[in-house]
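Peer 1: query34.cif is reproduced in full below (mmCIF, C-alpha atoms).
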data_final
loop_
_atom_site.label_atom_id
_atom_site.label_comp_id
_atom_site.auth_asym_id
_atom_site.auth_seq_id
_atom_site.Cartn_x
_atom_site.Cartn_y
_atom_site.Cartn_z
CA MET O 22 -20.43 -17.12 29.14
CA ALA O 23 -21.26 -16.60 25.48
CA ILE O 24 -24.49 -18.09 24.12
CA ARG O 25 -23.82 -20.14 21.03
CA LEU O 26 -26.28 -20.19 18.18
CA PRO O 27 -27.00 -23.54 16.53
CA THR O 28 -24.77 -24.28 13.55
CA ARG O 29 -25.01 -26.78 10.74
CA GLY O 30 -22.21 -29.22 10.12
CA LYS O 31 -18.84 -27.52 10.22
CA GLU O 32 -20.23 -24.03 9.82
CA LYS O 33 -18.55 -21.50 12.13
CA PRO O 34 -20.57 -19.77 14.85
CA THR O 35 -21.63 -16.21 14.30
CA PRO O 36 -19.37 -13.46 15.71
CA ASP O 37 -21.86 -12.70 18.49
CA ALA O 38 -21.59 -16.31 19.66
CA MET O 39 -17.80 -16.34 19.74
CA THR O 40 -15.90 -15.68 22.91
CA LEU O 41 -13.03 -13.22 23.16
CA THR O 42 -10.59 -16.14 23.18
CA GLU O 43 -12.07 -17.46 19.94
CA HIS O 44 -11.77 -14.04 18.32
CA LEU O 45 -8.12 -13.80 19.38
CA THR O 46 -7.46 -17.32 18.12
CA GLU O 47 -8.97 -16.42 14.76
CA LEU O 48 -6.87 -13.24 14.62
CA ARG O 49 -3.72 -15.23 15.41
CA ARG O 50 -4.52 -17.74 12.68
CA ARG O 51 -5.02 -14.98 10.09
CA LEU O 52 -1.82 -13.24 11.15
CA MET O 53 0.14 -16.49 10.91
CA ILE O 54 -1.11 -17.00 7.35
CA MET O 55 -0.12 -13.43 6.45
CA VAL O 56 3.35 -13.84 7.94
CA ALA O 57 3.84 -17.23 6.26
CA ALA O 58 2.80 -15.79 2.89
CA PHE O 59 5.13 -12.84 3.36
CA LEU O 60 8.09 -15.08 4.27
CA VAL O 61 7.53 -17.40 1.31
CA MET O 62 7.23 -14.51 -1.13
CA ALA O 63 10.23 -12.78 0.46
CA VAL O 64 12.31 -15.88 -0.30
CA VAL O 65 11.04 -15.80 -3.89
CA ALA O 66 11.99 -12.11 -4.20
CA PHE O 67 15.35 -12.86 -2.57
CA LEU O 68 16.05 -15.46 -5.28
CA LEU O 69 14.88 -13.03 -7.99
CA TYR O 70 17.24 -10.36 -6.68
CA ASN O 71 19.04 -9.62 -9.95
CA PRO O 72 16.00 -8.90 -12.18
CA ILE O 73 14.32 -6.90 -9.41
CA LEU O 74 17.47 -4.85 -8.82
CA HIS O 75 17.76 -4.22 -12.55
CA ALA O 76 14.14 -3.04 -12.71
CA LEU O 77 14.56 -0.71 -9.74
CA GLN O 78 17.80 0.65 -11.20
CA ARG O 79 16.09 1.66 -14.44
CA PRO O 80 14.86 5.10 -13.23
CA TYR O 81 18.43 5.93 -12.23
CA CYS O 82 19.66 4.92 -15.69
CA GLN O 83 17.01 7.10 -17.30
CA VAL O 84 18.42 10.12 -15.50
CA ASN O 85 22.10 9.13 -15.92
CA PRO O 86 22.19 6.91 -19.02
CA ARG O 87 25.98 6.99 -19.34
CA HIS O 88 26.76 6.30 -15.71
CA CYS O 89 24.20 4.50 -13.56
CA ALA O 90 26.36 1.97 -11.71
CA PHE O 91 25.92 1.56 -7.97
CA TYR O 92 28.80 1.78 -5.52
CA VAL O 93 28.91 0.08 -2.14
CA THR O 94 31.09 1.40 0.66
CA ALA O 95 30.85 -1.42 3.20
CA PRO O 96 31.26 -5.23 2.97
CA LEU O 97 27.74 -5.91 4.24
CA ASP O 98 25.99 -3.49 1.86
CA GLY O 99 25.35 -6.19 -0.73
CA LEU O 100 23.69 -8.48 1.83
CA SER O 101 21.56 -5.73 3.36
CA LEU O 102 20.52 -4.66 -0.14
CA ARG O 103 19.40 -8.16 -1.05
CA ILE O 104 17.46 -8.51 2.23
CA LYS O 105 15.77 -5.15 1.63
CA ILE O 106 14.68 -6.17 -1.86
CA GLY O 107 13.48 -9.53 -0.55
CA ALA O 108 11.39 -7.88 2.16
CA PHE O 109 9.74 -5.37 -0.16
CA GLY O 110 9.25 -7.94 -2.90
CA GLY O 111 7.68 -10.28 -0.38
CA LEU O 112 5.26 -7.56 0.71
CA VAL O 113 4.19 -6.83 -2.87
CA LEU O 114 3.91 -10.46 -3.94
CA ALA O 115 2.05 -11.46 -0.77
CA SER O 116 -0.31 -8.45 -0.85
CA PRO O 117 -3.24 -10.42 -2.40
CA ILE O 118 -3.08 -12.98 0.42
CA ILE O 119 -2.59 -10.31 3.09
CA PHE O 120 -5.57 -8.27 1.92
CA TRP O 121 -7.73 -11.38 1.59
CA GLN O 122 -6.92 -12.58 5.11
CA PHE O 123 -7.62 -9.13 6.52
CA TRP O 124 -11.03 -8.98 4.89
CA ARG O 125 -11.80 -12.57 5.86
CA PHE O 126 -11.18 -11.62 9.49
CA ILE O 127 -13.52 -8.61 9.49
CA THR O 128 -16.18 -10.02 7.14
CA PRO O 129 -17.89 -12.24 9.80
CA GLY O 130 -18.56 -9.08 11.82
CA LEU O 131 -20.49 -7.50 8.96
CA ARG O 132 -24.16 -7.82 8.19
CA SER O 133 -25.14 -10.26 5.45
CA ALA O 134 -25.94 -7.34 3.12
CA GLU O 135 -22.38 -6.04 3.60
CA LYS O 136 -20.56 -9.36 3.19
CA ARG O 137 -21.15 -9.41 -0.57
CA TYR O 138 -18.70 -6.51 -0.88
CA ALA O 139 -15.78 -8.54 0.52
CA VAL O 140 -14.44 -9.86 -2.80
CA PRO O 141 -14.80 -6.52 -4.67
CA PHE O 142 -13.11 -4.74 -1.77
CA VAL O 143 -10.20 -7.19 -1.74
CA ALA O 144 -9.80 -6.87 -5.50
CA ALA O 145 -9.94 -3.07 -5.27
CA SER O 146 -7.42 -3.04 -2.40
CA ILE O 147 -4.92 -5.13 -4.37
CA ALA O 148 -5.41 -3.16 -7.59
CA LEU O 149 -5.05 0.21 -5.84
CA PHE O 150 -1.97 -0.85 -3.90
CA LEU O 151 -0.24 -2.07 -7.06
CA ALA O 152 -1.37 1.04 -8.96
CA GLY O 153 0.16 3.25 -6.28
CA CYS O 154 3.45 1.35 -6.46
CA ALA O 155 3.44 1.59 -10.27
CA LEU O 156 2.77 5.33 -10.21
CA ALA O 157 5.63 5.94 -7.75
CA TYR O 158 7.96 3.91 -9.97
CA TYR O 159 6.86 5.81 -13.08
CA ILE O 160 7.39 9.29 -11.59
CA PHE O 161 10.62 8.46 -9.76
CA PRO O 162 12.87 9.59 -12.65
CA HIS O 163 11.25 13.04 -12.41
CA ALA O 164 12.02 13.10 -8.68
CA LEU O 165 15.66 12.22 -9.42
CA GLU O 166 15.85 14.92 -12.08
CA PHE O 167 14.61 17.49 -9.58
CA LEU O 168 17.02 16.37 -6.87
CA LYS O 169 19.87 16.35 -9.38
CA ALA O 170 19.05 19.86 -10.65
CA ILE O 171 18.55 21.41 -7.23
CA GLY O 172 22.02 20.26 -6.15
CA GLY O 173 23.64 22.21 -8.96
CA PRO O 174 25.83 21.21 -11.93
CA GLU O 175 28.94 20.77 -9.80
CA LEU O 176 27.60 17.60 -8.20
CA ARG O 177 28.15 14.25 -9.88
CA GLN O 178 25.56 11.57 -9.17
CA ILE O 179 27.14 8.44 -7.70
CA TYR O 180 24.52 6.66 -5.63
CA ASN O 181 24.84 4.19 -2.82
CA PRO O 182 22.37 1.40 -3.70
CA ASN O 183 21.01 1.10 -0.16
CA GLN O 184 20.15 4.79 0.03
CA TYR O 185 18.79 4.86 -3.51
CA LEU O 186 16.66 1.75 -3.07
CA GLY O 187 15.57 2.92 0.36
CA LEU O 188 14.10 6.03 -1.28
CA ILE O 189 12.42 4.35 -4.25
CA LEU O 190 10.99 1.52 -2.13
CA LEU O 191 9.71 4.01 0.44
CA MET O 192 8.08 5.99 -2.35
CA MET O 193 6.41 2.89 -3.77
CA ALA O 194 5.23 1.71 -0.35
CA LEU O 195 3.85 5.17 0.54
CA PHE O 196 1.96 5.51 -2.74
CA GLY O 197 0.64 1.96 -2.47
CA ILE O 198 -0.65 2.44 1.08
CA THR O 199 -2.15 5.89 0.47
CA PHE O 200 -3.96 4.57 -2.60
CA GLU O 201 -6.06 2.50 -0.16
CA PHE O 202 -7.71 5.81 0.77
CA PRO O 203 -10.92 5.23 -1.27
CA VAL O 204 -11.33 1.71 0.12
CA VAL O 205 -11.21 3.10 3.66
CA LEU O 206 -13.67 5.89 2.86
CA VAL O 207 -16.19 3.60 1.16
CA SER O 208 -15.91 1.13 4.06
CA LEU O 209 -16.68 3.89 6.55
CA GLU O 210 -19.67 4.94 4.46
CA LEU O 211 -21.05 1.40 4.29
CA LEU O 212 -20.59 0.96 8.05
CA GLY O 213 -22.47 4.20 8.68
CA VAL O 214 -19.54 5.91 10.39
CA VAL O 215 -19.80 8.80 7.95
CA THR O 216 -22.25 9.68 5.19
CA PRO O 217 -21.55 10.75 1.60
CA LYS O 218 -23.37 14.02 2.32
CA LYS O 219 -21.09 14.77 5.26
CA LEU O 220 -17.96 13.92 3.23
CA LEU O 221 -19.13 16.23 0.47
CA SER O 222 -19.62 19.05 2.95
CA TRP O 223 -16.00 18.58 4.08
CA TRP O 224 -14.50 18.65 0.58
CA ARG O 225 -12.60 21.94 0.97
CA TRP O 226 -10.89 20.80 4.18
CA ALA O 227 -10.26 17.39 2.62
CA VAL O 228 -8.48 18.91 -0.38
CA ILE O 229 -6.35 21.10 1.90
CA GLY O 230 -5.55 18.13 4.14
CA ILE O 231 -4.59 15.94 1.17
CA ALA O 232 -2.31 18.66 -0.22
CA LEU O 233 -0.61 19.14 3.16
CA ALA O 234 -0.21 15.40 3.69
CA ALA O 235 1.33 15.01 0.23
CA ALA O 236 3.74 17.86 0.93
CA ILE O 237 4.76 16.47 4.32
CA PHE O 238 4.97 12.74 3.66
CA THR O 239 6.34 12.53 0.10
CA PRO O 240 9.84 11.08 0.74
CA SER O 241 11.56 12.75 -2.24
CA SER O 242 10.13 16.19 -1.33
CA ASP O 243 9.97 17.19 -5.00
CA PRO O 244 6.91 19.10 -6.26
CA PHE O 245 6.22 16.67 -9.11
CA SER O 246 5.83 13.69 -6.76
CA MET O 247 3.73 15.73 -4.33
CA LEU O 248 1.37 16.67 -7.15
CA ALA O 249 1.32 13.11 -8.46
CA LEU O 250 0.18 11.94 -5.02
CA ALA O 251 -2.24 14.76 -4.19
CA VAL O 252 -4.19 14.75 -7.48
CA PRO O 253 -5.20 11.04 -7.41
CA LEU O 254 -6.08 11.20 -3.71
CA THR O 255 -8.32 14.22 -4.33
CA ALA O 256 -10.01 12.39 -7.20
CA PHE O 257 -10.39 9.30 -4.99
CA TYR O 258 -12.14 11.43 -2.37
CA PHE O 259 -14.92 12.48 -4.75
CA VAL O 260 -15.13 9.04 -6.38
CA SER O 261 -15.58 7.51 -2.91
CA ILE O 262 -18.47 9.87 -2.23
CA ALA O 263 -20.13 8.82 -5.51
CA ILE O 264 -19.60 5.11 -4.79
CA GLY O 265 -20.97 5.57 -1.26
CA LYS O 266 -24.13 7.16 -2.65
CA ILE O 267 -24.62 4.37 -5.18
CA LEU O 268 -24.05 1.54 -2.69
CA GLY O 269 -26.18 3.25 -0.06
CA ARG O 270 -29.30 3.20 -2.20
#
I'd like the structure from this file rewritten - as structure tokens, please.
Peer 2:
Amino acid sequence: MAIRLPTRGKEKPTPDAMTLTEHLTELRRRLMIMVAAFLVMAVVAFLLYNPILHALQRPYCQVNPRHCAFYVTAPLDGLSLRIKIGAFGGLVLASPIIFWQFWRFITPGLRSAEKRYAVPFVAASIALFLAGCALAYYIFPHALEFLKAIGGPELRQIYNPNQYLGLILLMMALFGITFEFPVVLVSLELLGVVTPKKLLSWWRWAVIGIALAAAIFTPSSDPFSMLALAVPLTAFYFVSIAIGKILGR
């Protein structure tokens, strides 16, 4: 049986005083809020389908300004396309709530000195995720140019919207998630899992690992996108070490 510490008013018990059932209940509540936020924002993105589709089509039109229409080959392609845009739009629009709920769940388990970093970490997580998505969107025309050139001049570009949007949305999601790299590293430093000194001693292997990961996981497989992913992640690695040293003082 867990020993409860005295609380004042409606203040929640400390994590050490909570039973496993209470922890699972709290996790379920946070997950339900995340899912509800995602569903609401997905409906909003579903209704904003036309402007979102137009924005995502723009890189294609930059590469093929005279002919950038999409062609569907099956009756259900339009519906699946709209659902895909709704799902991704819901994820992006709900990301502030999702990140906040995640940090609110783990914050009670931190020491009081660490809890003050919750808001800056949430803000940094949101900003980095959106920055990663924006970078992927910005470089996508270069990826299309590479893929167009490598196929040779005999090929005419007529894209299926589901395949095209699948690639650009995957690129944006990958960049957004990997841009959380410094948040994870700084968190591990603050929790004492790893030290800035140890991370600095691993820098050569880290750079090699980042380069390999960028080469393997970049969906478009073009060198420009790989470089655009590897360079920021390498910079984030060293910035995280510096931030860890400053916060650890």
Peer 1: Taking 3 positions as the minimum chain separation for residues in the same chain, which residues sit within 7 Å of Ala235 (chain O) when counting all atoms listed in the file? Answer as a ChimeraX atom specification.
Peer 2: /O:231-232,238-239,247,250-251
Peer 1: Counting only C-alpha atoms, what is within 12 Å of Ile267 (chain O), bar same-chain residues fewer than 3 positions away, as a ChimeraX atom specification?
Peer 2: /O:207,210-211,216-217,260-264,270
Peer 1: Please return as a list in words every residue within 10 Å of (-2.7, -7.9, 0.3), taking into account all atoms listed in the file and the file's own coordinates.
Peer 2: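 Here the neighbourhood of the point contains Met55, Ala58, Phe59, Leu112, Val113, Leu114, Ala115, Ser116, Pro117, Ile118, Ile119, Phe120, Trp121, Gln122, Phe123, Trp124, Val143, Ala144, Ser146, Ile147, Ala148, Phe150 and Leu151 of chain O.
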Peer 1: The PyMOL selection byres ((chain O and resi 172-188) around 7) - which residues does that actually catch in the file I just gave you? List them as a list of chain:residue names.
Peer 2: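 Evaluating the PyMOL selection byres ((chain O and resi 172-188) around 7) on these coordinates yields O:Phe91, O:Tyr92, O:Val93, O:Leu102, O:Leu168, O:Lys169, O:Ala170, O:Ile171, O:Ile189, O:Leu190, O:Leu191, O:Met192, O:Pro240.
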Peer 1: Could you write out as AutoDock Vina command-line options the box around region 103-119 of chain O (axis-aligned, all atoms listed in the file, 6 Å on each side), with centre and edge lengths in Å to one decimal?
Peer 2:
--center_x 8.1 --center_y -9.1 --center_z -0.4 --size_x 34.6 --size_y 19.8 --size_z 19.0
Peer 1: Nearest to Lys266 (chain O) among O:Leu97, O:Leu248, O:Leu220, O:Ile229, with distances taken over all atoms listed in the file: which residue is it?
Peer 2: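 That would be O:Leu220, the residue with the smallest distance to Lys266 (chain O).
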Peer 1: Which value, in Å to one decimal, gives the distance between CA of Ser241 (chain O) and CA of Pro80 (chain O)?
Peer 2: 13.8 Å
Peer 1: Interatomic distance between CA of Ala249 (chain O) and CA of Pro72 (chain O)?
Peer 2: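 Distance reported for this atom pair: 26.7 Å.
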Peer 1: Given all atoms listed in the file as the basis, pick out the residue of O:Ala155, O:Leu77, O:Ala66, O:Ile160 nearest to Asp243 (chain O).
Peer 2: O:Ile160
Peer 1: Calculate how many Å separate CA of Ala95 (chain O) from CA of Ser242 (chain O), rounding to one decimal.
Peer 2: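 According to the coordinates, CA of Ala95 (chain O) and CA of Ser242 (chain O) are separated by 27.6 Å.
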Peer 1: Using the chain letters and numbers from the file, give me the residues hit by the PyMOL selection byres ((chain O and resi 65) around 12), as a JSON list (two decimals) with C-alpha atoms, keeping the file's coordinate frame.
Peer 2:
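Wrote selection-v4.json, looks like this:
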[["chain", "number", "residue", "atom", "x", "y", "z"],
["O", 58, "ALA", "CA", 2.80, -15.79, 2.89],
["O", 59, "PHE", "CA", 5.13, -12.84, 3.36],
["O", 60, "LEU", "CA", 8.09, -15.08, 4.27],
["O", 61, "VAL", "CA", 7.53, -17.40, 1.31],
["O", 62, "MET", "CA", 7.23, -14.51, -1.13],
["O", 63, "ALA", "CA", 10.23, -12.78, 0.46],
["O", 64, "VAL", "CA", 12.31, -15.88, -0.30],
["O", 66, "ALA", "CA", 11.99, -12.11, -4.20],
["O", 67, "PHE", "CA", 15.35, -12.86, -2.57],
["O", 68, "LEU", "CA", 16.05, -15.46, -5.28],
["O", 69, "LEU", "CA", 14.88, -13.03, -7.99],
["O", 70, "TYR", "CA", 17.24, -10.36, -6.68],
["O", 71, "ASN", "CA", 19.04, -9.62, -9.95],
["O", 72, "PRO", "CA", 16.00, -8.90, -12.18],
["O", 73, "ILE", "CA", 14.32, -6.90, -9.41],
["O", 103, "ARG", "CA", 19.40, -8.16, -1.05],
["O", 104, "ILE", "CA", 17.46, -8.51, 2.23],
["O", 106, "ILE", "CA", 14.68, -6.17, -1.86],
["O", 107, "GLY", "CA", 13.48, -9.53, -0.55],
["O", 108, "ALA", "CA", 11.39, -7.88, 2.16],
["O", 109, "PHE", "CA", 9.74, -5.37, -0.16],
["O", 110, "GLY", "CA", 9.25, -7.94, -2.90],
["O", 111, "GLY", "CA", 7.68, -10.28, -0.38],
["O", 112, "LEU", "CA", 5.26, -7.56, 0.71],
["O", 113, "VAL", "CA", 4.19, -6.83, -2.87],
["O", 114, "LEU", "CA", 3.91, -10.46, -3.94],
["O", 115, "ALA", "CA", 2.05, -11.46, -0.77]]
Peer 1: Just want the 12 Å neighbourhood of Ser208 (chain O), counted on only C-alpha atoms, with same-chain residues fewer than 3 positions away dropped. Output as a PyMOL selection string.
Peer 2: chain O and resi 124+127-128+131+135-136+138-139+141-143+145-146+201-205+211-217+261-262+264-265+268-269
